[in-house]
Amino acid sequence: MFRDFRAALGPRAARFRRSEDAGMTALSLFIFLTMLFILGMAVDLMRYETRRTALQNSLDSAVLAASNLNIGSECETVIRDFIESAGFDPTVVAPTCNEEVLSQGVSSTPGNLVSRSTTASYDFDLNTIFMKLVGYDKLNGLAASAAEQRATPVEISLVLDISGSMRFDEFGATPSVITGENRINDLRDAVDGFLRKVLDVTCDQSGNNCVQSPSSAHITVNIVPYAGHVNPGPELFALMGGLPWHSWSHCVEVTDADFNTANLPSSSGLQVPHKMRWLISDLWMNWGWCPKDTSAIMPMENNYQTLSDYVRNIRLHDGTATHIGMKYGVALLNPTSRDEIAALASAGVVEKAFAARPADWDSEAMKIVVLMTDGKTTSQFRPKYLDPDWQDWTYTIIENGRPVFETLKTKVAQGMTPEDAVAELSDQDRAHWEAMAPILDQYGSTGSDFLPNDPAAVESFYPPASLYVDGSTTHDAAVNNGHITAMCNEAKKPVLADDGSLVRSDRITVFTIAFLAPKSARDLMAECASTPAHFYNIEGLNISRAFNSIASSIETLRLTQ
């Protein structure tokens, strides 16, 4: 019986020994647990990647915002604010900010910034759920981002003719109303359109409610109006060493030596007298060879509305000193003028953001002069003395009398009557004063700001004219035309590195416009321009065509430089 049981059990035992069903169950269980762990790891890794992505996106946004050249906040503060608003700990982020300015040693205000580069990194830990089963309690990560914004600073000098002939229409007639179609009104519209384009200004359909883009924060415009002379304004007049003897205007004599450099005038300090040469209707003009202070240079301005309002209200004056206009247009782009601009910024005449301008010649800054004229350059006329001999104008009497004049002003300011103050002078000082007093009365008094109707009065205000003589140089029209060429050549000089290599082909890109001008003026403007393509000959009341084209060229240069 037992033998029968063994015989029956044997085959079954053999099959049991050979069976793998139990092994497959164990293997399946192992595989299941492994898959479950891998899925758990995937969950942890997904949590890690979600956090890292969110952090990376926050860092990317933060450094992009912080690199904006127009922000007024500290860029590290901007980064931490972004990180905190995204739900991360702002104390963990490690930001760095580097700025490049036009000139070292000045504040990094938006107008001075050339570039801002920003980096930020963030170390983080993520507590695991499943991976801790195999000893990984945390996952460590690092998110990092970097951004840089660079801008091309642009410095522009608009040298604008405000001589008496700008009152003419295209046929040489003078409109009877101030709103009539003529050269100065056409110029005003053209400059306004130029400013809108260059400064990225958008207005409504009626031309109002204009909004200027922050992207134009790196552009400055000098408005340099010129008539018989150029008025730099009382502040710049003083900074250039000007010695005033009247307060009607503030033109400083520009000498022959001043045209040997691209610097601001510095050789004289003498103030141009208050006078006119040609009698023209006061509907269009203010009285004076030197423009009034309301038509003085507007330096380093960025605000569209300020510039537009200024040009809209500018008044014409006597004479045409294209050479002096170009002199100031070039000088205000010359880095040697930086001290004067910084002083103007301290005085509130220029925005502090532009205190470091003009930029160096070899910087990234673009420098542009737009010179326009509608006529020939005139000689530099000066009055003759109102004495029986009609002697030529000289500053000797003014120079001798100036200290006496200042003494008398001080005494009167202290309460003394003019008569008593003069009575206290020495015989020599009294002689100086008696020689100077008629000159002050005739060519320096604010009371003569009118156009007299009486022919006798006109004769007294327009004595025979002499030419301004500077040493041995008489400033006639031919000499002045040579000075235009000298300033154009200064602008077009190449910029070289210390090793002599070429940095750029010219210091300043010069655009010129001959606006209904005679051939001699057209030829001068064509010669002055950087290339023939930079010269515009406008034969009708459509000077906007030239200014629109120049504005487009400037925008192209900014994008390709």
# chains A, B, ... in the order shown; residues from 1 in each chain; ligands from 1
>>> residues_around(residues="A:Ala146", least_positions_apart="3", cutoff="7 Å", atoms="only C-alpha atoms", output="NGL selection string")
:A and (63 or 118-120)
>>> residues_around(residues="A:Glu301", least_positions_apart="4", cutoff="12 Å", atoms="only C-alpha atoms", output="ChimeraX atom specification")
/A:111,154-158,195,199,216-224,297,305-308,310,332,341,344-345,348-355,357
>>> write_last_selection(atoms="N, CA and C atoms", output="mmCIF file, in the first residue's frame")
data_model
loop_
_atom_site.group_PDB
_atom_site.id
_atom_site.type_symbol
_atom_site.label_atom_id
_atom_site.label_comp_id
_atom_site.auth_asym_id
_atom_site.auth_seq_id
_atom_site.Cartn_x
_atom_site.Cartn_y
_atom_site.Cartn_z
ATOM 1 N N GLY A 111 19.713 108.382 -18.947
ATOM 2 C CA GLY A 111 20.279 109.006 -20.126
ATOM 3 C C GLY A 111 21.758 108.759 -20.312
ATOM 4 N N VAL A 154 22.317 108.785 -28.503
ATOM 5 C CA VAL A 154 22.292 109.637 -29.691
ATOM 6 C C VAL A 154 22.328 111.097 -29.238
ATOM 7 N N GLU A 155 23.247 111.850 -29.801
ATOM 8 C CA GLU A 155 23.355 113.289 -29.526
ATOM 9 C C GLU A 155 23.194 114.033 -30.846
ATOM 10 N N ILE A 156 22.209 114.919 -30.889
ATOM 11 C CA ILE A 156 21.849 115.626 -32.127
ATOM 12 C C ILE A 156 21.941 117.135 -31.901
ATOM 13 N N SER A 157 22.516 117.833 -32.865
ATOM 14 C CA SER A 157 22.465 119.296 -32.891
ATOM 15 C C SER A 157 21.679 119.723 -34.123
ATOM 16 N N LEU A 158 20.540 120.388 -33.891
ATOM 17 C CA LEU A 158 19.770 120.972 -34.973
ATOM 18 C C LEU A 158 20.166 122.447 -35.080
ATOM 19 N N LEU A 195 11.178 115.557 -34.621
ATOM 20 C CA LEU A 195 11.270 115.231 -33.191
ATOM 21 C C LEU A 195 10.356 114.070 -32.839
ATOM 22 N N LEU A 199 12.244 110.831 -31.406
ATOM 23 C CA LEU A 199 11.984 110.602 -29.990
ATOM 24 C C LEU A 199 10.851 109.601 -29.758
ATOM 25 N N SER A 216 13.285 106.375 -25.874
ATOM 26 C CA SER A 216 14.037 107.526 -26.379
ATOM 27 C C SER A 216 14.849 108.216 -25.293
ATOM 28 N N ALA A 217 14.957 107.585 -24.120
ATOM 29 C CA ALA A 217 15.638 108.233 -22.988
ATOM 30 C C ALA A 217 17.109 108.504 -23.252
ATOM 31 N N HIS A 218 17.685 107.886 -24.280
ATOM 32 C CA HIS A 218 19.116 108.017 -24.537
ATOM 33 C C HIS A 218 19.417 108.987 -25.673
ATOM 34 N N ILE A 219 18.403 109.770 -26.055
ATOM 35 C CA ILE A 219 18.557 110.719 -27.158
ATOM 36 C C ILE A 219 18.476 112.141 -26.604
ATOM 37 N N THR A 220 19.429 112.971 -26.979
ATOM 38 C CA THR A 220 19.376 114.389 -26.613
ATOM 39 C C THR A 220 19.456 115.237 -27.870
ATOM 40 N N VAL A 221 18.802 116.393 -27.814
ATOM 41 C CA VAL A 221 18.768 117.305 -28.951
ATOM 42 C C VAL A 221 19.211 118.683 -28.484
ATOM 43 N N ASN A 222 20.191 119.258 -29.196
ATOM 44 C CA ASN A 222 20.557 120.660 -29.018
ATOM 45 C C ASN A 222 19.865 121.461 -30.112
ATOM 46 N N ILE A 223 19.092 122.464 -29.744
ATOM 47 C CA ILE A 223 18.550 123.390 -30.740
ATOM 48 C C ILE A 223 19.461 124.610 -30.768
ATOM 49 N N VAL A 224 20.061 124.870 -31.920
ATOM 50 C CA VAL A 224 20.993 125.990 -32.079
ATOM 51 C C VAL A 224 20.426 126.945 -33.126
ATOM 52 N N ILE A 297 20.209 129.136 -27.401
ATOM 53 C CA ILE A 297 20.428 127.698 -27.551
ATOM 54 C C ILE A 297 19.660 126.928 -26.481
ATOM 55 N N GLN A 305 7.862 117.656 -25.866
ATOM 56 C CA GLN A 305 6.975 118.798 -25.756
ATOM 57 C C GLN A 305 7.755 120.086 -25.522
ATOM 58 N N THR A 306 8.802 119.997 -24.709
ATOM 59 C CA THR A 306 9.641 121.172 -24.455
ATOM 60 C C THR A 306 10.306 121.653 -25.737
ATOM 61 N N LEU A 307 10.850 120.713 -26.494
ATOM 62 C CA LEU A 307 11.512 121.059 -27.754
ATOM 63 C C LEU A 307 10.517 121.610 -28.767
ATOM 64 N N SER A 308 9.384 120.944 -28.894
ATOM 65 C CA SER A 308 8.383 121.357 -29.870
ATOM 66 C C SER A 308 7.851 122.753 -29.559
ATOM 67 N N TYR A 310 9.294 125.089 -27.933
ATOM 68 C CA TYR A 310 10.358 126.075 -28.146
ATOM 69 C C TYR A 310 10.447 126.459 -29.627
ATOM 70 N N LEU A 332 28.853 121.569 -29.115
ATOM 71 C CA LEU A 332 27.967 120.943 -28.136
ATOM 72 C C LEU A 332 27.911 119.429 -28.268
ATOM 73 N N ILE A 341 28.378 121.409 -19.690
ATOM 74 C CA ILE A 341 27.076 120.736 -19.621
ATOM 75 C C ILE A 341 26.802 120.263 -18.195
ATOM 76 N N LEU A 344 25.661 123.218 -16.303
ATOM 77 C CA LEU A 344 24.280 123.536 -16.662
ATOM 78 C C LEU A 344 23.306 122.574 -16.002
ATOM 79 N N ALA A 345 23.728 121.308 -15.869
ATOM 80 C CA ALA A 345 22.880 120.331 -15.181
ATOM 81 C C ALA A 345 22.751 120.679 -13.705
ATOM 82 N N GLY A 348 20.264 123.321 -13.236
ATOM 83 C CA GLY A 348 18.898 122.988 -13.611
ATOM 84 C C GLY A 348 18.537 123.334 -15.036
ATOM 85 N N VAL A 349 19.507 123.792 -15.837
ATOM 86 C CA VAL A 349 19.250 124.112 -17.237
ATOM 87 C C VAL A 349 19.174 122.842 -18.077
ATOM 88 N N VAL A 350 19.966 121.838 -17.701
ATOM 89 C CA VAL A 350 20.000 120.541 -18.367
ATOM 90 C C VAL A 350 19.604 119.480 -17.348
ATOM 91 N N GLU A 351 18.895 118.438 -17.810
ATOM 92 C CA GLU A 351 18.540 117.339 -16.913
ATOM 93 C C GLU A 351 19.810 116.659 -16.401
ATOM 94 N N LYS A 352 19.798 116.288 -15.125
ATOM 95 C CA LYS A 352 20.974 115.653 -14.522
ATOM 96 C C LYS A 352 21.316 114.336 -15.218
ATOM 97 N N ALA A 353 20.331 113.708 -15.848
ATOM 98 C CA ALA A 353 20.588 112.455 -16.563
ATOM 99 C C ALA A 353 21.615 112.636 -17.671
ATOM 100 N N PHE A 354 21.793 113.870 -18.149
ATOM 101 C CA PHE A 354 22.691 114.118 -19.281
ATOM 102 C C PHE A 354 23.929 114.914 -18.876
ATOM 103 N N ALA A 355 24.228 114.910 -17.589
ATOM 104 C CA ALA A 355 25.362 115.689 -17.090
ATOM 105 C C ALA A 355 26.693 115.184 -17.626
ATOM 106 N N ARG A 357 27.287 114.200 -20.693
ATOM 107 C CA ARG A 357 27.419 114.406 -22.130
ATOM 108 C C ARG A 357 28.132 115.729 -22.410
#
>>> residues_around(residues="A:His475", least_positions_apart="5", cutoff="9 Å", atoms="only C-alpha atoms", output="PyMOL selection string")
chain A and resi 255-256+379-381+467-470+480
>>> atom_distance(atom1="atom CA of A:Asp476", atom2="atom CA of A:Pro518")
18.2 Å
>>> atom_distance(atom1="atom CA of A:Leu425", atom2="atom CA of A:Gly401")
11.9 Å
>>> residues_around(residues="stretch 513-515 of chain A", least_positions_apart="4", cutoff="8 Å", atoms="only C-alpha atoms", output="PyMOL selection string")
chain A and resi 370-375+521-522+525+535-540+543+546
>>> residues_around(residues="stretch 420-423 of chain A", least_positions_apart="5", cutoff="9 Å", atoms="only C-alpha atoms", output="list in words")
Thr407, Leu408, Lys409, Lys411, Val412, Asp429, Arg430 and Trp433 of chain A
>>> atom_distance(atom1="atom CA of A:Ala66", atom2="atom CA of A:Phe124")
21.8 Å
>>> residues_around(residues="stretch 184-188 of chain A", least_positions_apart="3", cutoff="7 Å", atoms="only C-alpha atoms", output="list in words")
Met166, Arg167, Glu181, Val191, Asp192, Val311, Arg312, Leu541, Asn542 and Ile543 of chain A
>>> write_last_selection(atoms="N, CA and C atoms", output="PDB file, in the first residue's frame")
ATOM      1  N   MET A 166      13.763 134.097 -43.554  1.00  0.00           N
ATOM      2  CA  MET A 166      12.906 132.944 -43.300  1.00  0.00           C
ATOM      3  C   MET A 166      11.428 133.348 -43.218  1.00  0.00           C
ATOM      4  N   ARG A 167      11.147 134.660 -43.283  1.00  0.00           N
ATOM      5  CA  ARG A 167       9.747 135.091 -43.310  1.00  0.00           C
ATOM      6  C   ARG A 167       9.158 134.945 -44.714  1.00  0.00           C
ATOM      7  N   GLU A 181       1.673 130.763 -45.109  1.00  0.00           N
ATOM      8  CA  GLU A 181       2.629 129.763 -45.565  1.00  0.00           C
ATOM      9  C   GLU A 181       3.947 130.452 -45.918  1.00  0.00           C
ATOM     10  N   VAL A 191      10.446 120.344 -38.216  1.00  0.00           N
ATOM     11  CA  VAL A 191      11.202 119.993 -37.014  1.00  0.00           C
ATOM     12  C   VAL A 191      10.320 119.228 -36.038  1.00  0.00           C
ATOM     13  N   ASP A 192       9.051 119.625 -35.933  1.00  0.00           N
ATOM     14  CA  ASP A 192       8.138 118.907 -35.051  1.00  0.00           C
ATOM     15  C   ASP A 192       7.988 117.447 -35.496  1.00  0.00           C
ATOM     16  N   VAL A 311      10.469 125.449 -30.502  1.00  0.00           N
ATOM     17  CA  VAL A 311      10.587 125.727 -31.934  1.00  0.00           C
ATOM     18  C   VAL A 311       9.334 126.425 -32.454  1.00  0.00           C
ATOM     19  N   ARG A 312       8.167 126.060 -31.944  1.00  0.00           N
ATOM     20  CA  ARG A 312       6.919 126.687 -32.376  1.00  0.00           C
ATOM     21  C   ARG A 312       6.900 128.185 -32.064  1.00  0.00           C
ATOM     22  N   LEU A 541       8.225 124.717 -50.437  1.00  0.00           N
ATOM     23  CA  LEU A 541       7.881 124.661 -49.019  1.00  0.00           C
ATOM     24  C   LEU A 541       7.563 123.224 -48.630  1.00  0.00           C
ATOM     25  N   ASN A 542       8.583 122.395 -48.702  1.00  0.00           N
ATOM     26  CA  ASN A 542       8.437 120.974 -48.328  1.00  0.00           C
ATOM     27  C   ASN A 542       9.699 120.482 -47.627  1.00  0.00           C
ATOM     28  N   ILE A 543      10.207 121.305 -46.702  1.00  0.00           N
ATOM     29  CA  ILE A 543      11.434 120.925 -46.008  1.00  0.00           C
ATOM     30  C   ILE A 543      11.226 119.697 -45.124  1.00  0.00           C
TER      31      ILE A 543
END
>>> residues_around(residues="A:Ser363", least_positions_apart="3", cutoff="10 Å", atoms="only C-alpha atoms", output="PDB file with all heavy atoms, in the first residue's frame")
ATOM      1  N   LEU A 102      28.266 106.456 -20.030  1.00  0.00           N
ATOM      2  CA  LEU A 102      28.980 107.198 -21.068  1.00  0.00           C
ATOM      3  C   LEU A 102      30.362 107.625 -20.615  1.00  0.00           C
ATOM      4  O   LEU A 102      31.325 107.557 -21.361  1.00  0.00           O
ATOM      5  CB  LEU A 102      28.177 108.432 -21.469  1.00  0.00           C
ATOM      6  CG  LEU A 102      27.013 108.202 -22.429  1.00  0.00           C
ATOM      7  CD1 LEU A 102      26.209 109.469 -22.598  1.00  0.00           C
ATOM      8  CD2 LEU A 102      27.511 107.720 -23.773  1.00  0.00           C
ATOM      9  N   SER A 103      30.461 108.060 -19.381  1.00  0.00           N
ATOM     10  CA  SER A 103      31.745 108.473 -18.823  1.00  0.00           C
ATOM     11  C   SER A 103      31.808 108.004 -17.384  1.00  0.00           C
ATOM     12  O   SER A 103      30.818 108.057 -16.657  1.00  0.00           O
ATOM     13  CB  SER A 103      31.896 109.996 -18.872  1.00  0.00           C
ATOM     14  OG  SER A 103      31.854 110.452 -20.197  1.00  0.00           O
ATOM     15  N   VAL A 114      24.880 103.168 -21.029  1.00  0.00           N
ATOM     16  CA  VAL A 114      25.097 102.538 -22.325  1.00  0.00           C
ATOM     17  C   VAL A 114      24.598 101.103 -22.277  1.00  0.00           C
ATOM     18  O   VAL A 114      23.993 100.609 -23.218  1.00  0.00           O
ATOM     19  CB  VAL A 114      26.586 102.573 -22.707  1.00  0.00           C
ATOM     20  CG1 VAL A 114      26.825 101.809 -23.984  1.00  0.00           C
ATOM     21  CG2 VAL A 114      27.056 104.014 -22.841  1.00  0.00           C
ATOM     22  N   THR A 152      22.083 102.609 -27.855  1.00  0.00           N
ATOM     23  CA  THR A 152      22.983 103.510 -28.559  1.00  0.00           C
ATOM     24  C   THR A 152      22.606 104.940 -28.203  1.00  0.00           C
ATOM     25  O   THR A 152      21.574 105.447 -28.650  1.00  0.00           O
ATOM     26  CB  THR A 152      22.874 103.317 -30.083  1.00  0.00           C
ATOM     27  OG1 THR A 152      23.188 101.967 -30.412  1.00  0.00           O
ATOM     28  CG2 THR A 152      23.825 104.254 -30.807  1.00  0.00           C
ATOM     29  N   PRO A 153      23.403 105.604 -27.371  1.00  0.00           N
ATOM     30  CA  PRO A 153      23.116 107.012 -27.079  1.00  0.00           C
ATOM     31  C   PRO A 153      23.211 107.841 -28.358  1.00  0.00           C
ATOM     32  O   PRO A 153      24.074 107.603 -29.211  1.00  0.00           O
ATOM     33  CB  PRO A 153      24.205 107.401 -26.082  1.00  0.00           C
ATOM     34  CG  PRO A 153      24.716 106.107 -25.534  1.00  0.00           C
ATOM     35  CD  PRO A 153      24.586 105.120 -26.647  1.00  0.00           C
ATOM     36  N   ALA A 359      29.357 112.640 -25.049  1.00  0.00           N
ATOM     37  CA  ALA A 359      30.157 111.428 -24.884  1.00  0.00           C
ATOM     38  C   ALA A 359      31.492 111.557 -25.610  1.00  0.00           C
ATOM     39  O   ALA A 359      31.681 112.437 -26.457  1.00  0.00           O
ATOM     40  CB  ALA A 359      29.380 110.224 -25.433  1.00  0.00           C
ATOM     41  N   ASP A 360      32.414 110.683 -25.240  1.00  0.00           N
ATOM     42  CA  ASP A 360      33.713 110.670 -25.913  1.00  0.00           C
ATOM     43  C   ASP A 360      33.540 110.357 -27.399  1.00  0.00           C
ATOM     44  O   ASP A 360      32.611 109.651 -27.808  1.00  0.00           O
ATOM     45  CB  ASP A 360      34.629 109.619 -25.273  1.00  0.00           C
ATOM     46  CG  ASP A 360      35.039 110.002 -23.853  1.00  0.00           C
ATOM     47  OD1 ASP A 360      35.033 111.207 -23.537  1.00  0.00           O
ATOM     48  OD2 ASP A 360      35.332 109.083 -23.059  1.00  0.00           O
ATOM     49  N   MET A 366      26.151 107.935 -30.999  1.00  0.00           N
ATOM     50  CA  MET A 366      26.022 108.539 -32.316  1.00  0.00           C
ATOM     51  C   MET A 366      25.939 110.044 -32.163  1.00  0.00           C
ATOM     52  O   MET A 366      25.245 110.546 -31.278  1.00  0.00           O
ATOM     53  CB  MET A 366      24.742 108.050 -33.013  1.00  0.00           C
ATOM     54  CG  MET A 366      24.787 106.651 -33.531  1.00  0.00           C
ATOM     55  SD  MET A 366      23.135 106.204 -34.155  1.00  0.00           S
ATOM     56  CE  MET A 366      22.780 107.611 -35.207  1.00  0.00           C
ATOM     57  N   VAL A 495      37.894 109.282 -36.201  1.00  0.00           N
ATOM     58  CA  VAL A 495      38.158 108.967 -34.799  1.00  0.00           C
ATOM     59  C   VAL A 495      39.121 107.785 -34.767  1.00  0.00           C
ATOM     60  O   VAL A 495      38.830 106.720 -35.310  1.00  0.00           O
ATOM     61  CB  VAL A 495      36.857 108.613 -34.049  1.00  0.00           C
ATOM     62  CG1 VAL A 495      37.161 108.265 -32.598  1.00  0.00           C
ATOM     63  CG2 VAL A 495      35.870 109.772 -34.127  1.00  0.00           C
ATOM     64  N   VAL A 503      38.511 103.983 -35.528  1.00  0.00           N
ATOM     65  CA  VAL A 503      37.333 103.624 -34.738  1.00  0.00           C
ATOM     66  C   VAL A 503      36.067 103.917 -35.535  1.00  0.00           C
ATOM     67  O   VAL A 503      35.150 103.101 -35.606  1.00  0.00           O
ATOM     68  CB  VAL A 503      37.306 104.394 -33.406  1.00  0.00           C
ATOM     69  CG1 VAL A 503      36.023 104.108 -32.624  1.00  0.00           C
ATOM     70  CG2 VAL A 503      38.526 104.048 -32.568  1.00  0.00           C
ATOM     71  N   ARG A 504      36.012 105.094 -36.133  1.00  0.00           N
ATOM     72  CA  ARG A 504      34.918 105.450 -37.025  1.00  0.00           C
ATOM     73  C   ARG A 504      35.425 106.475 -38.013  1.00  0.00           C
ATOM     74  O   ARG A 504      36.416 107.166 -37.765  1.00  0.00           O
ATOM     75  CB  ARG A 504      33.702 105.982 -36.257  1.00  0.00           C
ATOM     76  CG  ARG A 504      33.961 107.233 -35.453  1.00  0.00           C
ATOM     77  CD  ARG A 504      32.682 107.738 -34.783  1.00  0.00           C
ATOM     78  NE  ARG A 504      32.181 106.803 -33.788  1.00  0.00           N
ATOM     79  CZ  ARG A 504      31.128 107.019 -33.029  1.00  0.00           C
ATOM     80  NH1 ARG A 504      30.430 108.129 -33.180  1.00  0.00           N
ATOM     81  NH2 ARG A 504      30.739 106.143 -32.129  1.00  0.00           N
TER      82      ARG A 504
END
>>> closest_residue(among="A:Ser165, A:Ser466, A:Asn98, A:Thr128", to="A:Tyr48", atoms="only C-alpha atoms")
A:Thr128
